[in-house]
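Asks: Shown below is the structure under consideration.
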Amino acid sequence: MASTAIDYAGAPAEPLPQELAGPRGARPRRLLSRRNIFLYGTLTVVAIYYLLPLYVMVVTSLKGMPEIRVGNIFAPPLEITFEPWVKAWSSACTGLNCDGLSRGFWNSVRITVPSVILSIAIASINGYALANWRFKGANTFFTILIVGAFIPYQVMLYPIVIILREMGIYGTLTGLVLVHTVFGMPILTLLFRNYFASVPEELFKAARVDGAGFWGIYFKIMLPMSLPIFVVAIILQVTGIWNDFLFGVVYTKPDVYPMTVQLNNIVNATQGVKEYNVNMAATIITGLVPLIVYFASGKLFVRGIAAGAVKG
Amino acid sequence: MPDSRRPRQVFKNLAAKIAAIPMILTATVVFVGGTLWTVLYSFTDSKLLPRENFVGLAQYERLWSSSKWIISIQNLFIYGVCMLVLSFVIGFVLAALLDQKIRFENTFRTIFLYPFALSFIVTGLVWQWILNPQFGIQGVVRDLGWENFTFDPLYNPDIVIYGILFAGLWQSTGLVMCLMLAGLRGIDEDIWKAARVDGIPMWKTYLFIVIPMMRPVLITTLVIVATGIVKVYDLVVAQTGGGPGIASEVPAKYVYDAMFLSQNLGQGFAASTMMLLAVIIVIVPWAYLEFGGRKRHG
């Protein structure tokens, strides 16, 4: 059941690929055939290219400035120092504030946590209503929602400024949380709607016969059996919201800037001497949360991405 | 589900309707309302604050006579075409390589996809550092003895957009690969067997049998990548800030700058309406193919 919720686009409906396992193609041959050398050689070269920026970030952040000035960005540090990390975290300057990225980090936490909870709560209940309690007109709104996901954000930036200002929450974290909830809605609703629609109807009917209502069925039946899809949604939202820059810069004020905005301000500051090691340490620290989510979640992350390719 | 409805049934299924209120508000107020509002106000001469003084197409005339906008469009075009072609080719080749029953498939896939987990800000800043002419690739090669080696895309107005493309490709090819791999795995193995029995070489099988069969995945990927291209903003802000000069401006940045930096709302509205138009040009044929095609099957 869990695996039928997301149908990779283009995959035939029923025999779902066992995630991405079970390779196909030519049959295996000798270990050191020319084909294998070519295959693994190419993959390894490409892998090195992909890993290089991460490597450069790490080694740069562990060097002192004198070493950076004379050395080579690809060379490992001669003398490892954690000074840049400490400075990036607690004393790098943006504008008037010199309390480092820690401020942005905690802002991002205060933005991401409520946004993820609120957006998933609303979207899952909405998806459940769309899948199991259809009412007249529901599909019209749903279609608008999905089509709306393709509208460039720039088109809606200013109207939302007005809405938030009218509500008195422009420039606050609450406002930004609301914006993330709104823009997370299309993909999340789609995700949950498709998932709940795949739950056998008998189960739903049996619960109805037993007298369970809208909320009863949601909390007692749907919620407990849809843990995987919630995890996918959480991964999708945590990385998406953490990485957001545009909404952060438009809808918040310097005091509550999320981490990405603060990072950009630190690194691209025009005044002062460029401290590349501090910049790279700050960059890694900002990328750390989504990277940890990515490496910890493994295949679920891939499923979250594939969710973007689902067809409703 | 229930189709026959009687008048009093407004109150039936009330919980579901309440649950859908956020969606209804988002769809109507933000998506439809916001879009219409912006399009409408793009015909006004709003400056610091929106106002209802309609001036026809004046904002659009100004927009298209602004060199910053023209450069933005050119950059988006170059970036878009290169991004589409290269990310599809590289993504497909990587997916095809990973599909060869190889060992460490998961490791390779994890490596190719991890940049996608990073934000465009992080991506832009890393590549800004790697492409730094003094310390980055250029500096390293010069230190090796090639004194005249020049590779400074971020400081050369003619090629700066390719420097951004480099970073963009690094960030998002993994996604294309992942979607393509899912598509390849959806191809029936019998197809491969049949092709092998018929003695069709592998590359021909890919080109003439497998790729045409992957049409749905290709189209979905195209839509995802294309809408991503139109939105490109953070990457430019982080990597070059639109510079040197205005050489790497993009439309999304033009909109932000007009609205929030130069207090020229009307220009921002007009520019964002043009972006909307671009997306419509991408989406409508897709929706037509996708949903027009579906009708044929009933």
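Ligands are numbered from 1 in the order shown, chains are lettered A, B, ... in the order of the structure tokens, and residues start at 1 in each chain.
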Would you list which chain B residues are within 7 Å of chain A using only C-alpha atoms, as an MDAnalysis selection string?
Replies: chainID B and resid 1 15:16 19:20 24 26:27 31 34:35 38 97 99:101 108 111:112 117:119 121:122 126 135:136 140 170 179 182:183 185:186 214 216:217 220 227 231 234 238 252 255 272:273 275:276
Asks: Extract, using only C-alpha atoms, all DNA, RNA and protein residues at most 8 Å from A:His180, discarding same-chain residues fewer than 3 positions from it, and format them as a list of chain:residue names.
Replies: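 Result of the neighbour search: A:Ser115, A:Ser119, A:Leu176, A:Val177, A:Phe183, A:Gly184, A:Ile241.
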Asks: Quick one: everything within 9 Å of stretch 69-85 of chain B, counting only C-alpha atoms, minus sequence neighbours fewer than 2 positions away in the same chain. Send it as a VMD selection string.
Replies: chain B and resid 63 to 67 87 to 90 161 to 162 164 to 165 168 to 169 222 225 to 226 229 to 230 232 246 to 254 271
Asks: Go ahead and save the residues from that selection, with C-alpha atoms, as a short mmCIF file (atom, residue, chain, number, x, y, z; two decimals), in the first residue's frame.
Replies:
```cif
data_model
loop_
_atom_site.label_atom_id
_atom_site.label_comp_id
_atom_site.auth_asym_id
_atom_site.auth_seq_id
_atom_site.Cartn_x
_atom_site.Cartn_y
_atom_site.Cartn_z
CA LEU B 63 10.25 47.41 -19.79
CA TRP B 64 11.18 46.43 -23.31
CA SER B 65 13.28 49.50 -23.81
CA SER B 66 15.26 48.83 -20.64
CA SER B 67 18.64 47.30 -21.35
CA SER B 87 20.64 18.60 -17.93
CA PHE B 88 18.61 16.26 -20.12
CA VAL B 89 21.64 14.83 -21.90
CA ILE B 90 23.78 14.49 -18.77
CA ILE B 161 25.89 33.40 -17.52
CA TYR B 162 27.79 30.20 -18.31
CA ILE B 164 25.98 30.44 -13.39
CA LEU B 165 24.94 27.63 -15.70
CA GLY B 168 22.92 25.38 -11.88
CA LEU B 169 23.80 22.18 -13.70
CA LEU B 222 10.71 19.11 -18.99
CA VAL B 225 13.05 21.91 -15.22
CA ALA B 226 11.48 24.62 -17.37
CA ILE B 229 14.48 27.92 -15.04
CA VAL B 230 11.97 30.75 -15.20
CA VAL B 232 15.94 31.23 -11.22
CA ILE B 246 24.22 44.01 -15.18
CA ALA B 247 25.70 41.17 -17.21
CA SER B 248 24.05 38.34 -15.31
CA GLU B 249 20.64 39.81 -14.52
CA VAL B 250 17.63 37.53 -14.82
CA PRO B 251 13.91 38.38 -14.99
CA ALA B 252 13.09 37.18 -11.47
CA LYS B 253 15.76 39.50 -10.12
CA TYR B 254 14.52 42.36 -12.24
CA ALA B 271 7.99 42.22 -15.62
#
```
Asks: From the options A:Leu203, A:Ile217, A:Leu101, A:Ile169, which residue's atoms come nearest to A:Lys87, counting only C-alpha atoms?
Replies: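 When distances to A:Lys87 are compared using only C-alpha atoms, the smallest one comes from A:Leu101.
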